[in-house]
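Peer 1: Structure file structure.pdb, PDB, C-alpha atoms, is pasted below:
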```pdb
MODEL        1
ATOM      1  CA  MET E   1       0.000   0.000   0.000
ATOM      2  CA  ALA E   2       1.221   3.520  -0.736
ATOM      3  CA  SER E   3       0.559   7.057   0.430
ATOM      4  CA  GLU E   4      -2.222   9.183  -1.009
ATOM      5  CA  GLN E   5      -1.624  12.556  -2.631
ATOM      6  CA  ALA E   6      -4.004  15.448  -2.168
ATOM      7  CA  ALA E   7      -6.848  14.863  -4.580
ATOM      8  CA  GLY E   8      -7.389  18.098  -6.456
ATOM      9  CA  GLN E   9      -7.505  20.082  -3.208
ATOM     10  CA  PRO E  10      -5.379  23.004  -1.985
ATOM     11  CA  ALA E  11      -4.026  20.967   0.914
ATOM     12  CA  THR E  12      -0.504  19.601   0.548
ATOM     13  CA  PRO E  13       0.038  15.826   0.382
ATOM     14  CA  GLY E  14       1.391  15.900   3.931
ATOM     15  CA  SER E  15      -1.569  17.769   5.400
ATOM     16  CA  ARG E  16      -3.995  15.570   3.483
ATOM     17  CA  PHE E  17      -2.272  12.512   4.886
ATOM     18  CA  HIS E  18      -2.636  13.814   8.446
ATOM     19  CA  GLU E  19      -6.330  14.458   7.788
ATOM     20  CA  LEU E  20      -6.756  10.796   6.851
ATOM     21  CA  ILE E  21      -4.999   9.665  10.019
ATOM     22  CA  LYS E  22      -7.215  11.930  12.109
ATOM     23  CA  ARG E  23     -10.342  10.568  10.432
ATOM     24  CA  ALA E  24      -9.201   6.996  11.065
ATOM     25  CA  SER E  25      -8.483   7.763  14.724
ATOM     26  CA  GLU E  26     -12.141   8.656  15.181
ATOM     27  CA  MET E  27     -13.324   5.284  13.861
ATOM     28  CA  LYS E  28     -13.771   1.984  15.644
ATOM     29  CA  PRO E  29     -11.270  -0.760  14.672
ATOM     30  CA  GLU E  30     -13.999  -2.763  12.926
ATOM     31  CA  GLU E  31     -14.888   0.300  10.814
ATOM     32  CA  LEU E  32     -11.387   0.682   9.327
ATOM     33  CA  LEU E  33     -12.150  -2.012   6.730
ATOM     34  CA  HIS E  34     -15.267  -2.243   4.599
ATOM     35  CA  ARG E  35     -16.438  -4.825   2.091
ATOM     36  CA  HIS E  36     -16.957  -4.055  -1.597
ATOM     37  CA  ASN E  37     -17.900  -6.752  -4.120
ATOM     38  CA  GLY E  38     -16.878  -9.434  -1.661
ATOM     39  CA  LEU E  39     -13.419  -8.111  -0.715
ATOM     40  CA  LEU E  40     -12.209  -5.956   2.160
ATOM     41  CA  TYR E  41     -10.651  -2.516   1.593
ATOM     42  CA  PRO E  42      -9.295   0.269   3.837
ATOM     43  CA  ALA E  43     -12.376   2.409   4.514
ATOM     44  CA  VAL E  44     -10.559   5.744   4.783
ATOM     45  CA  LEU E  45      -8.551   5.354   1.573
ATOM     46  CA  CYS E  46     -10.838   3.228  -0.586
ATOM     47  CA  THR E  47     -14.170   4.934  -0.009
ATOM     48  CA  GLU E  48     -17.230   3.711  -1.888
ATOM     49  CA  HIS E  49     -16.994   6.830  -4.063
ATOM     50  CA  ASN E  50     -13.360   6.092  -4.935
ATOM     51  CA  LEU E  51     -14.091   2.450  -5.727
ATOM     52  CA  GLU E  52     -16.918   3.552  -8.019
ATOM     53  CA  GLN E  53     -14.537   5.932  -9.821
ATOM     54  CA  PHE E  54     -11.833   3.287 -10.260
ATOM     55  CA  PRO E  55     -13.338   1.536 -13.335
ATOM     56  CA  LYS E  56     -13.755   4.919 -15.063
ATOM     57  CA  PHE E  57     -10.038   5.714 -15.073
ATOM     58  CA  GLU E  58      -8.739   6.743 -18.528
ATOM     59  CA  ALA E  59      -5.389   5.081 -19.233
ATOM     60  CA  ARG E  60      -2.847   5.995 -21.918
ATOM     61  CA  PRO E  61      -0.746   3.506 -23.894
ATOM     62  CA  GLU E  62       2.464   5.143 -22.607
ATOM     63  CA  ASP E  63       1.501   5.027 -18.907
ATOM     64  CA  MET E  64       3.671   3.091 -16.446
ATOM     65  CA  CYS E  65       1.356   0.954 -14.317
ATOM     66  CA  ILE E  66       2.450  -1.083 -11.291
ATOM     67  CA  VAL E  67       0.244  -3.843  -9.920
ATOM     68  CA  SER E  68       0.945  -5.806  -6.761
ATOM     69  CA  TYR E  69      -0.656  -7.514  -3.823
ATOM     70  CA  PRO E  70       0.018  -5.433  -0.678
ATOM     71  CA  LYS E  71       3.551  -5.619   0.741
ATOM     72  CA  CYS E  72       5.105  -7.268  -2.304
ATOM     73  CA  GLY E  73       7.373  -4.357  -3.280
ATOM     74  CA  PHE E  74       5.046  -1.728  -4.755
ATOM     75  CA  ASN E  75       6.842   1.252  -3.215
ATOM     76  CA  TRP E  76      10.229  -0.082  -4.255
ATOM     77  CA  VAL E  77       9.249  -0.488  -7.900
ATOM     78  CA  TYR E  78       7.516   2.882  -7.843
ATOM     79  CA  GLN E  79      10.830   4.512  -6.916
ATOM     80  CA  LEU E  80      12.490   2.698  -9.827
ATOM     81  CA  PHE E  81       9.689   3.904 -12.129
ATOM     82  CA  ARG E  82      10.273   7.500 -11.010
ATOM     83  CA  GLY E  83      13.952   7.195 -11.790
ATOM     84  CA  ILE E  84      13.343   5.646 -15.210
ATOM     85  CA  ALA E  85      10.735   8.272 -16.166
ATOM     86  CA  SER E  86      13.006  11.119 -15.072
ATOM     87  CA  ALA E  87      15.927   9.691 -17.056
ATOM     88  CA  VAL E  88      13.769   9.337 -20.159
ATOM     89  CA  GLN E  89      12.475  12.901 -19.780
ATOM     90  CA  ASN E  90      15.970  14.168 -18.920
ATOM     91  CA  LYS E  91      14.690  15.612 -15.654
ATOM     92  CA  SER E  92      16.981  16.819 -12.880
ATOM     93  CA  GLU E  93      16.852  15.324  -9.377
ATOM     94  CA  LYS E  94      15.025  18.421  -8.129
ATOM     95  CA  GLU E  95      12.469  18.167 -10.938
ATOM     96  CA  ASN E  96      12.070  14.473 -10.167
ATOM     97  CA  GLU E  97      11.182  15.301  -6.551
ATOM     98  CA  SER E  98       8.405  17.583  -7.787
ATOM     99  CA  ARG E  99       6.783  14.748  -9.777
ATOM    100  CA  PRO E 100       3.321  13.953  -8.354
ATOM    101  CA  HIS E 101       3.380  11.436  -5.506
ATOM    102  CA  VAL E 102       2.552   7.790  -6.076
ATOM    103  CA  MET E 103      -1.055   7.264  -6.954
ATOM    104  CA  ILE E 104      -2.925   4.115  -6.031
ATOM    105  CA  LEU E 105      -5.907   4.334  -8.356
ATOM    106  CA  GLU E 106      -8.419   2.995  -5.844
ATOM    107  CA  PHE E 107      -7.447   5.865  -3.500
ATOM    108  CA  ALA E 108      -8.459   8.487  -6.089
ATOM    109  CA  ASN E 109     -11.709  10.431  -6.214
ATOM    110  CA  ALA E 110     -13.250  12.120  -9.269
ATOM    111  CA  ASP E 111     -11.227  15.323  -8.754
ATOM    112  CA  LYS E 112      -8.001  13.354  -8.721
ATOM    113  CA  HIS E 113      -8.944  11.569 -11.938
ATOM    114  CA  LYS E 114      -9.458  14.961 -13.607
ATOM    115  CA  LEU E 115      -6.146  16.223 -12.283
ATOM    116  CA  MET E 116      -4.300  13.190 -13.637
ATOM    117  CA  LYS E 117      -5.463  14.062 -17.153
ATOM    118  CA  ASN E 118      -2.992  16.964 -17.047
ATOM    119  CA  TYR E 119      -0.011  14.889 -15.925
ATOM    120  CA  GLU E 120       2.911  14.655 -18.329
ATOM    121  CA  SER E 121       3.607  11.269 -19.905
ATOM    122  CA  PRO E 122       4.751   8.799 -18.897
ATOM    123  CA  ARG E 123       2.357   8.934 -15.946
ATOM    124  CA  ILE E 124       3.136   6.615 -13.050
ATOM    125  CA  TYR E 125       0.401   4.949 -11.046
ATOM    126  CA  GLY E 126      -0.640   1.578  -9.748
ATOM    127  CA  THR E 127      -3.191  -0.562  -8.009
ATOM    128  CA  HIS E 128      -3.500  -3.521  -5.684
ATOM    129  CA  PHE E 129      -6.399  -4.883  -7.780
ATOM    130  CA  HIS E 130      -5.950  -8.026  -9.846
ATOM    131  CA  TYR E 131      -6.320  -8.288 -13.627
ATOM    132  CA  GLU E 132     -10.061  -8.923 -13.844
ATOM    133  CA  ASN E 133     -10.801  -5.758 -11.853
ATOM    134  CA  LEU E 134      -8.493  -3.392 -13.735
ATOM    135  CA  PRO E 135     -10.105  -0.374 -15.442
ATOM    136  CA  ALA E 136     -11.148  -1.408 -18.947
ATOM    137  CA  SER E 137      -9.072   1.379 -20.503
ATOM    138  CA  ILE E 138      -5.826  -0.238 -19.307
ATOM    139  CA  ILE E 139      -6.667  -3.359 -21.303
ATOM    140  CA  GLU E 140      -8.118  -1.482 -24.279
ATOM    141  CA  LYS E 141      -5.128   0.894 -24.584
ATOM    142  CA  LYS E 142      -2.694  -1.990 -24.066
ATOM    143  CA  THR E 143      -1.049  -0.063 -21.256
ATOM    144  CA  LYS E 144       1.994  -1.963 -20.043
ATOM    145  CA  VAL E 145       1.490  -3.461 -16.609
ATOM    146  CA  LEU E 146       4.370  -4.482 -14.370
ATOM    147  CA  VAL E 147       3.154  -7.037 -11.823
ATOM    148  CA  VAL E 148       5.255  -7.341  -8.651
ATOM    149  CA  PHE E 149       5.151 -10.539  -6.601
ATOM    150  CA  ARG E 150       6.880 -11.682  -3.432
ATOM    151  CA  ASN E 151       7.002 -15.074  -1.775
ATOM    152  CA  PRO E 152       3.841 -15.602   0.313
ATOM    153  CA  LYS E 153       5.566 -16.179   3.649
ATOM    154  CA  ASP E 154       7.541 -12.924   3.628
ATOM    155  CA  THR E 155       4.473 -11.146   2.261
ATOM    156  CA  ALA E 156       2.399 -12.324   5.210
ATOM    157  CA  VAL E 157       4.971 -11.227   7.810
ATOM    158  CA  SER E 158       5.498  -7.839   6.161
ATOM    159  CA  TYR E 159       1.727  -7.337   5.916
ATOM    160  CA  TYR E 160       1.334  -8.216   9.614
ATOM    161  CA  HIS E 161       3.900  -5.632  10.751
ATOM    162  CA  PHE E 162       2.380  -3.084   8.372
ATOM    163  CA  CYS E 163      -1.075  -3.523   9.896
ATOM    164  CA  GLN E 164       0.360  -3.325  13.402
ATOM    165  CA  LYS E 165       1.808   0.126  12.828
ATOM    166  CA  ASN E 166      -0.523   1.674  10.249
ATOM    167  CA  PRO E 167      -3.270   3.818  11.849
ATOM    168  CA  LEU E 168      -5.383   3.504   8.695
ATOM    169  CA  LEU E 169      -5.775  -0.265   9.192
ATOM    170  CA  PRO E 170      -7.043  -2.361  12.120
ATOM    171  CA  SER E 171      -4.154  -3.655  14.214
ATOM    172  CA  PRO E 172      -4.163  -7.447  14.686
ATOM    173  CA  THR E 173      -4.106  -8.661  18.283
ATOM    174  CA  SER E 174      -1.481 -11.291  17.449
ATOM    175  CA  TRP E 175       0.489 -12.888  14.630
ATOM    176  CA  ASP E 176      -1.612 -16.048  14.935
ATOM    177  CA  GLU E 177      -4.808 -14.044  14.443
ATOM    178  CA  PHE E 178      -3.406 -12.254  11.418
ATOM    179  CA  PHE E 179      -2.070 -15.476   9.883
ATOM    180  CA  LYS E 180      -5.528 -17.049   9.965
ATOM    181  CA  LYS E 181      -7.035 -13.999   8.261
ATOM    182  CA  PHE E 182      -4.255 -13.911   5.676
ATOM    183  CA  MET E 183      -4.815 -17.550   4.788
ATOM    184  CA  THR E 184      -8.586 -17.086   4.451
ATOM    185  CA  GLY E 185      -8.329 -13.803   2.528
ATOM    186  CA  GLU E 186      -9.961 -11.772   5.302
ATOM    187  CA  VAL E 187      -7.467  -8.930   4.886
ATOM    188  CA  ALA E 188      -7.537  -5.837   2.698
ATOM    189  CA  TRP E 189      -7.537  -6.774  -1.019
ATOM    190  CA  GLY E 190      -8.342 -10.386  -0.247
ATOM    191  CA  SER E 191      -6.420 -13.610  -0.719
ATOM    192  CA  TYR E 192      -2.798 -13.620  -1.884
ATOM    193  CA  PHE E 193      -3.321 -17.009  -3.513
ATOM    194  CA  ASP E 194      -6.500 -16.011  -5.366
ATOM    195  CA  TYR E 195      -4.627 -12.923  -6.563
ATOM    196  CA  ALA E 196      -1.724 -15.032  -7.800
ATOM    197  CA  LEU E 197      -3.972 -17.523  -9.592
ATOM    198  CA  ILE E 198      -5.671 -14.744 -11.546
ATOM    199  CA  TRP E 199      -2.380 -13.204 -12.653
ATOM    200  CA  GLU E 200      -1.019 -16.630 -13.597
ATOM    201  CA  LYS E 201      -3.640 -16.675 -16.379
ATOM    202  CA  HIS E 202      -2.142 -13.497 -17.871
ATOM    203  CA  ILE E 203       1.556 -14.012 -17.289
ATOM    204  CA  ASP E 204       2.198 -14.361 -21.031
ATOM    205  CA  ASP E 205       0.094 -11.363 -22.139
ATOM    206  CA  GLU E 206       2.165  -9.029 -24.309
ATOM    207  CA  ASN E 207       1.447  -6.004 -22.122
ATOM    208  CA  VAL E 208       2.206  -7.810 -18.843
ATOM    209  CA  MET E 209       5.582  -8.335 -17.202
ATOM    210  CA  VAL E 210       6.082 -10.098 -13.876
ATOM    211  CA  VAL E 211       8.994  -9.224 -11.608
ATOM    212  CA  THR E 212       9.609 -10.640  -8.154
ATOM    213  CA  TYR E 213      10.862  -8.924  -5.025
ATOM    214  CA  GLU E 214      13.482 -11.640  -4.665
ATOM    215  CA  GLU E 215      14.951 -11.254  -8.140
ATOM    216  CA  LEU E 216      15.268  -7.498  -7.608
ATOM    217  CA  LYS E 217      17.150  -8.234  -4.387
ATOM    218  CA  GLU E 218      19.397 -10.628  -6.306
ATOM    219  CA  ASP E 219      20.154  -8.259  -9.196
ATOM    220  CA  LEU E 220      18.740  -4.742  -8.978
ATOM    221  CA  LEU E 221      20.755  -3.439 -11.925
ATOM    222  CA  GLY E 222      19.413  -6.232 -14.119
ATOM    223  CA  GLY E 223      15.910  -5.576 -12.843
ATOM    224  CA  VAL E 224      16.066  -1.879 -13.732
ATOM    225  CA  ARG E 225      17.376  -2.769 -17.178
ATOM    226  CA  LYS E 226      14.537  -5.252 -17.828
ATOM    227  CA  ILE E 227      11.868  -2.844 -16.592
ATOM    228  CA  ALA E 228      13.181  -0.064 -18.842
ATOM    229  CA  GLU E 229      13.343  -2.393 -21.852
ATOM    230  CA  PHE E 230       9.805  -3.635 -21.194
ATOM    231  CA  HIS E 231       8.597  -0.029 -21.509
ATOM    232  CA  GLY E 232      10.660   0.561 -24.652
ATOM    233  CA  PHE E 233      13.232   2.836 -23.017
ATOM    234  CA  SER E 234      16.943   2.731 -23.804
ATOM    235  CA  LEU E 235      19.058   3.769 -20.807
ATOM    236  CA  SER E 236      22.823   4.023 -20.440
ATOM    237  CA  GLU E 237      24.615   1.884 -17.874
ATOM    238  CA  GLU E 238      25.328   5.049 -15.891
ATOM    239  CA  GLN E 239      21.625   5.925 -15.797
ATOM    240  CA  ILE E 240      20.759   2.366 -14.728
ATOM    241  CA  ARG E 241      23.307   2.469 -11.891
ATOM    242  CA  ASN E 242      22.034   5.866 -10.736
ATOM    243  CA  ILE E 243      18.420   4.623 -10.689
ATOM    244  CA  ALA E 244      19.418   1.478  -8.786
ATOM    245  CA  ASP E 245      21.423   3.491  -6.234
ATOM    246  CA  LYS E 246      18.485   5.777  -5.499
ATOM    247  CA  GLY E 247      16.163   2.757  -5.459
ATOM    248  CA  SER E 248      18.091   0.816  -2.839
ATOM    249  CA  PHE E 249      16.251   0.030   0.392
ATOM    250  CA  GLU E 250      18.648   2.188   2.386
ATOM    251  CA  ALA E 251      18.170   5.191   0.098
ATOM    252  CA  MET E 252      14.379   4.873   0.168
ATOM    253  CA  ARG E 253      14.318   4.494   3.953
ATOM    254  CA  ASP E 254      16.493   7.599   4.354
ATOM    255  CA  ASN E 255      14.099   9.557   2.145
ATOM    256  CA  SER E 256      10.907   8.040   3.548
ATOM    257  CA  GLN E 257       9.967  11.000   5.748
ATOM    258  CA  LYS E 258       9.594  13.053   2.554
ATOM    259  CA  THR E 259       7.787  10.401   0.557
ATOM    260  CA  HIS E 260       5.655   8.736   3.233
ATOM    261  CA  PHE E 261       5.593  11.343   5.986
ATOM    262  CA  THR E 262       5.147   9.995   9.518
ATOM    263  CA  LEU E 263       4.694   6.424   8.251
ATOM    264  CA  GLY E 264       8.096   6.198   6.579
ATOM    265  CA  ASN E 265       9.345   3.573   9.046
ATOM    266  CA  VAL E 266       6.130   1.587   8.512
ATOM    267  CA  PHE E 267       6.562   1.316   4.750
ATOM    268  CA  PHE E 268      10.293   0.664   4.901
ATOM    269  CA  ARG E 269      10.883  -1.713   7.829
ATOM    270  CA  LYS E 270      13.565  -4.282   6.941
ATOM    271  CA  GLY E 271      13.640  -4.888   3.193
ATOM    272  CA  VAL E 272      15.026  -8.420   3.518
ATOM    273  CA  VAL E 273      14.235 -11.887   2.225
ATOM    274  CA  GLY E 274      13.546 -14.671   4.712
ATOM    275  CA  ASP E 275      12.083 -12.658   7.592
ATOM    276  CA  TRP E 276       9.176 -15.119   7.699
ATOM    277  CA  ARG E 277      11.309 -17.352   9.922
ATOM    278  CA  SER E 278      11.002 -14.797  12.724
ATOM    279  CA  LEU E 279       7.263 -15.479  13.201
ATOM    280  CA  PHE E 280       6.153 -18.664  11.446
ATOM    281  CA  THR E 281       5.587 -21.805  13.468
ATOM    282  CA  GLU E 282       6.374 -25.149  11.860
ATOM    283  CA  GLU E 283       2.654 -25.847  11.531
ATOM    284  CA  GLN E 284       2.015 -22.496   9.837
ATOM    285  CA  SER E 285       4.928 -23.080   7.484
ATOM    286  CA  ARG E 286       3.523 -26.465   6.471
ATOM    287  CA  GLU E 287       0.080 -24.900   5.956
ATOM    288  CA  VAL E 288       1.465 -22.360   3.478
ATOM    289  CA  ASP E 289       3.554 -25.078   1.797
ATOM    290  CA  ALA E 290       0.393 -27.108   1.217
ATOM    291  CA  LYS E 291      -1.513 -24.077  -0.040
ATOM    292  CA  PHE E 292       1.262 -23.180  -2.463
ATOM    293  CA  GLU E 293       1.460 -26.765  -3.685
ATOM    294  CA  GLY E 294      -2.283 -26.844  -4.310
ATOM    295  CA  CYS E 295      -2.465 -23.461  -6.029
ATOM    296  CA  LEU E 296       0.818 -22.592  -7.738
ATOM    297  CA  ALA E 297       3.041 -25.662  -7.998
ATOM    298  CA  GLY E 298       3.796 -26.363 -11.649
ATOM    299  CA  THR E 299       2.708 -22.905 -12.830
ATOM    300  CA  LYS E 300       4.948 -20.312 -14.477
ATOM    301  CA  LEU E 301       4.367 -17.866 -11.642
ATOM    302  CA  GLY E 302       5.126 -20.560  -9.094
ATOM    303  CA  ALA E 303       8.458 -21.215 -10.812
ATOM    304  CA  ARG E 304       9.274 -17.495 -10.850
ATOM    305  CA  LEU E 305       8.733 -17.342  -7.077
ATOM    306  CA  LYS E 306      11.461 -19.979  -6.452
ATOM    307  CA  TYR E 307       9.443 -21.276  -3.525
ATOM    308  CA  ASP E 308      11.803 -24.078  -2.507
ATOM    309  CA  LEU E 309      14.682 -21.615  -2.294
ATOM    310  CA  TYR E 310      12.960 -18.882  -0.324
ATOM    311  CA  CYS E 311      10.172 -20.612   1.602
ATOM    312  CA  LYS E 312      11.507 -23.943   2.770
ATOM    313  CA  ALA E 313      13.135 -24.006   6.206
TER     314      ALA E 313
ENDMDL
END
```
With the file now loaded, output its structure as structure tokens.

Peer 2:
Amino acid sequence: MASEQAAGQPATPGSRFHELIKRASEMKPEELLHRHNGLLYPAVLCTEHNLEQFPKFEARPEDMCIVSYPKCGFNWVYQLFRGIASAVQNKSEKENESRPHVMILEFANADKHKLMKNYESPRIYGTHFHYENLPASIIEKKTKVLVVFRNPKDTAVSYYHFCQKNPLLPSPTSWDEFFKKFMTGEVAWGSYFDYALIWEKHIDDENVMVVTYEELKEDLLGGVRKIAEFHGFSLSEEQIRNIADKGSFEAMRDNSQKTHFTLGNVFFRKGVVGDWRSLFTEEQSREVDAKFEGCLAGTKLGARLKYDLYCKA
């Protein structure tokens, strides 16, 4: 999940963000999530009005769209997107900082949609929705979609810590409670495994590219190069190195108070692979193993996730 920018209002992104936190503080824990078309969403960010506007979004072929399940690396890839777009447009670092903040489409109201029509291409935005719920214009315009995945065990642990510290979401009483909800899809944006199964059907679509959190950790320079090539951009090795340097976890964490305000330490906690071992019991590990085997074993996405390497004790 990412931070919301002021939606066509005079308030700055920071002040708007504090308004959202204040509104959430006045709500009961059970009111912080609401159900829409069968799935749960953060009530303060994904209002009914915003969710109704989401399908009406007007995409462009040259847009840069990120899609991911929560806590799979959205903010990381967004930073890489910003760097690539600035390099392509020959923007300075100062001009890059003035680029509109990350936009999760389901956080946007009608005013924000109008404002985005004036953004310079390539526009950068994303969503936590899966393929079948994307705005029709993204499919019709053949907008390129970069789908970011992360192994399910690390995703669950990162999501748990995120909910613990994020005032816009209900805080779980324990890891065991959260794990049960994660496995049954009773968390915001639903089931990780349902999400993965839907994207598996579209992994070979010409306008879709899948990248994993783990492969970016293994080779960030190569990841930046592939992402740029996918969007038809030719970058020099110096530009690629510069983008990767600014997109490192350490660099993003150091800059997080500017990009994510008071929740910077919530969005950028550890940035490691294998943290699932800090919370998972043996029984919980076996439960996810069985779920992965039943859903994704033998699929292309399952192979990309390198489950045996990253999720077996």

Peer 1: If you measure from CA of Cys65 (chain E) to CA of Gln164 (chain E), what distance in Å do you get, rounded to one decimal?

Peer 2: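 So the two atoms, CA of Cys65 (chain E) and CA of Gln164 (chain E), lie 28.1 Å apart.
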
Peer 1: Report the residues retrieved by the PyMOL selection byres ((chain E and resi 282-288) around 10) from the displayed file, expressed as a ChimeraX atom specification.

Peer 2: /E:152-153,176,179-180,183,276-277,279-281,289-294,311-313

Peer 1: Smallest atom-to-atom distance to Phe57 (chain E): which of E:Asn109, E:Ser86, E:Thr299, E:Ser121, using all atoms listed in the file?

Peer 2: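 Distance minimum relative to Phe57 (chain E) lands on E:Asn109.
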
Peer 1: To verify the selection step, state as a ChimeraX atom specification which residues the PyMOL selection byres ((chain E and resi 140) around 12) yields on this input.

Peer 2: /E:57-61,134-139,141-144,207

Peer 1: Neighbouring residues of Arg225 (chain E) were defined as those with any atom within 12 Å, considering only C-alpha atoms; residues of the same chain fewer than 4 positions away were excluded. Please report them as number ranges by chain.

Peer 2: E: 80-81, 83-84, 211, 216, 219-221, 229-244

Peer 1: Nearest to Phe178 (chain E): which of E:Phe162, E:Phe107, E:Phe193, E:Tyr119 is it, counting all atoms listed in the file?

Peer 2: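 Smallest distance to Phe178 (chain E) is found for E:Phe162.
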
Peer 1: What does the structure give for the distance between CA of Gly190 (chain E) and CA of Arg123 (chain E), in Å to one decimal?

Peer 2: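 Separation between CA of Gly190 (chain E) and CA of Arg123 (chain E): 27.1 Å.
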
Peer 1: Can you spell out as a list of chain:residue names the set of residues that the PyMOL selection byres ((chain E and resi 23) around 12) selects in the structure I just provided?

Peer 2: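 Taken over the shown coordinates, the PyMOL selection byres ((chain E and resi 23) around 12) returns E:Arg16, E:Phe17, E:His18, E:Glu19, E:Leu20, E:Ile21, E:Lys22, E:Ala24, E:Ser25, E:Glu26, E:Met27, E:Lys28, E:Glu31, E:Leu32, E:Ala43, E:Val44, E:Leu45, E:Pro167, E:Leu168, E:Leu169.
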
Peer 1: Kindly give the distance, in Å, that separates CA of Leu51 (chain E) and CA of Asn37 (chain E), rounded to a single decimal.

Peer 2: 10.1 Å

Peer 1: So, counting all atoms listed in the file, which residue among E:Glu177, E:Asp308, E:Tyr195, E:Asp63 is closest to Glu120 (chain E)?

Peer 2: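 Nearest candidate to Glu120 (chain E) out of E:Glu177, E:Asp308, E:Tyr195, E:Asp63: E:Asp63.
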
Peer 1: Please provide as a PyMOL selection string all residues within 12 Å of Ile104 (chain E), with the sequence filter that same-chain residues fewer than 5 positions apart are discarded (counting all atoms listed in the file).

Peer 2: chain E and resi 1-5+7+45-46+50-51+54+57+65-68+70+74-75+78+109+112-113+116+124-129

Peer 1: Take the point (7.6, -14.3, 0.7) in the file's coordinates, draw a sphere of radius 10 Å around it, and report as a list of chain:residue names every protein, DNA or RNA residue with an atom inside or on it, counting only C-alpha atoms.

Peer 2: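 I get E:Lys71, E:Cys72, E:Phe149, E:Arg150, E:Asn151, E:Pro152, E:Lys153, E:Asp154, E:Thr155, E:Ala156, E:Val157, E:Ser158, E:Thr212, E:Tyr213, E:Glu214, E:Val272, E:Val273, E:Gly274, E:Asp275, E:Trp276, E:Leu305, E:Lys306, E:Tyr307, E:Tyr310, E:Cys311 for the residues within 10 Å of that point.
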
Peer 1: Supply region 291-303 of chain E as a PDB file, in the frame of the given file, with N, CA, C and O atoms built in where the input has gaps.

Peer 2:
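Below you can see part_15.pdb, which holds the result:
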```
ATOM      1  N   LYS E 291      -0.709 -25.010   0.759  1.00  0.00           N
ATOM      2  CA  LYS E 291      -1.513 -24.077  -0.040  1.00  0.00           C
ATOM      3  C   LYS E 291      -0.805 -23.733  -1.338  1.00  0.00           C
ATOM      4  O   LYS E 291      -1.419 -23.706  -2.414  1.00  0.00           O
ATOM      5  N   PHE E 292       0.487 -23.479  -1.257  1.00  0.00           N
ATOM      6  CA  PHE E 292       1.262 -23.180  -2.463  1.00  0.00           C
ATOM      7  C   PHE E 292       1.260 -24.368  -3.408  1.00  0.00           C
ATOM      8  O   PHE E 292       1.075 -24.210  -4.621  1.00  0.00           O
ATOM      9  N   GLU E 293       1.441 -25.549  -2.867  1.00  0.00           N
ATOM     10  CA  GLU E 293       1.460 -26.765  -3.685  1.00  0.00           C
ATOM     11  C   GLU E 293       0.127 -26.936  -4.403  1.00  0.00           C
ATOM     12  O   GLU E 293       0.094 -27.287  -5.590  1.00  0.00           O
ATOM     13  N   GLY E 294      -0.969 -26.671  -3.707  1.00  0.00           N
ATOM     14  CA  GLY E 294      -2.283 -26.844  -4.310  1.00  0.00           C
ATOM     15  C   GLY E 294      -2.651 -25.780  -5.320  1.00  0.00           C
ATOM     16  O   GLY E 294      -3.418 -26.031  -6.244  1.00  0.00           O
ATOM     17  N   CYS E 295      -2.082 -24.584  -5.163  1.00  0.00           N
ATOM     18  CA  CYS E 295      -2.465 -23.461  -6.029  1.00  0.00           C
ATOM     19  C   CYS E 295      -1.457 -23.160  -7.144  1.00  0.00           C
ATOM     20  O   CYS E 295      -1.845 -22.933  -8.293  1.00  0.00           O
ATOM     21  N   LEU E 296      -0.168 -23.158  -6.812  1.00  0.00           N
ATOM     22  CA  LEU E 296       0.818 -22.592  -7.738  1.00  0.00           C
ATOM     23  C   LEU E 296       1.917 -23.550  -8.177  1.00  0.00           C
ATOM     24  O   LEU E 296       2.690 -23.212  -9.083  1.00  0.00           O
ATOM     25  N   ALA E 297       2.012 -24.714  -7.566  1.00  0.00           N
ATOM     26  CA  ALA E 297       3.041 -25.662  -7.998  1.00  0.00           C
ATOM     27  C   ALA E 297       2.825 -26.045  -9.460  1.00  0.00           C
ATOM     28  O   ALA E 297       1.703 -26.327  -9.873  1.00  0.00           O
ATOM     29  N   GLY E 298       3.891 -26.019 -10.232  1.00  0.00           N
ATOM     30  CA  GLY E 298       3.796 -26.363 -11.649  1.00  0.00           C
ATOM     31  C   GLY E 298       3.383 -25.230 -12.557  1.00  0.00           C
ATOM     32  O   GLY E 298       3.327 -25.396 -13.777  1.00  0.00           O
ATOM     33  N   THR E 299       3.079 -24.063 -12.005  1.00  0.00           N
ATOM     34  CA  THR E 299       2.708 -22.905 -12.830  1.00  0.00           C
ATOM     35  C   THR E 299       3.946 -22.061 -13.133  1.00  0.00           C
ATOM     36  O   THR E 299       4.984 -22.171 -12.470  1.00  0.00           O
ATOM     37  N   LYS E 300       3.826 -21.195 -14.137  1.00  0.00           N
ATOM     38  CA  LYS E 300       4.948 -20.312 -14.477  1.00  0.00           C
ATOM     39  C   LYS E 300       5.244 -19.330 -13.356  1.00  0.00           C
ATOM     40  O   LYS E 300       6.406 -19.059 -13.038  1.00  0.00           O
ATOM     41  N   LEU E 301       4.164 -18.799 -12.743  1.00  0.00           N
ATOM     42  CA  LEU E 301       4.367 -17.866 -11.642  1.00  0.00           C
ATOM     43  C   LEU E 301       4.995 -18.577 -10.448  1.00  0.00           C
ATOM     44  O   LEU E 301       5.897 -18.041  -9.794  1.00  0.00           O
ATOM     45  N   GLY E 302       4.547 -19.793 -10.182  1.00  0.00           N
ATOM     46  CA  GLY E 302       5.126 -20.560  -9.094  1.00  0.00           C
ATOM     47  C   GLY E 302       6.619 -20.763  -9.282  1.00  0.00           C
ATOM     48  O   GLY E 302       7.406 -20.652  -8.337  1.00  0.00           O
ATOM     49  N   ALA E 303       7.033 -21.040 -10.521  1.00  0.00           N
ATOM     50  CA  ALA E 303       8.458 -21.215 -10.812  1.00  0.00           C
ATOM     51  C   ALA E 303       9.218 -19.918 -10.600  1.00  0.00           C
ATOM     52  O   ALA E 303      10.347 -19.915 -10.090  1.00  0.00           O
TER      53      ALA E 303
END
```
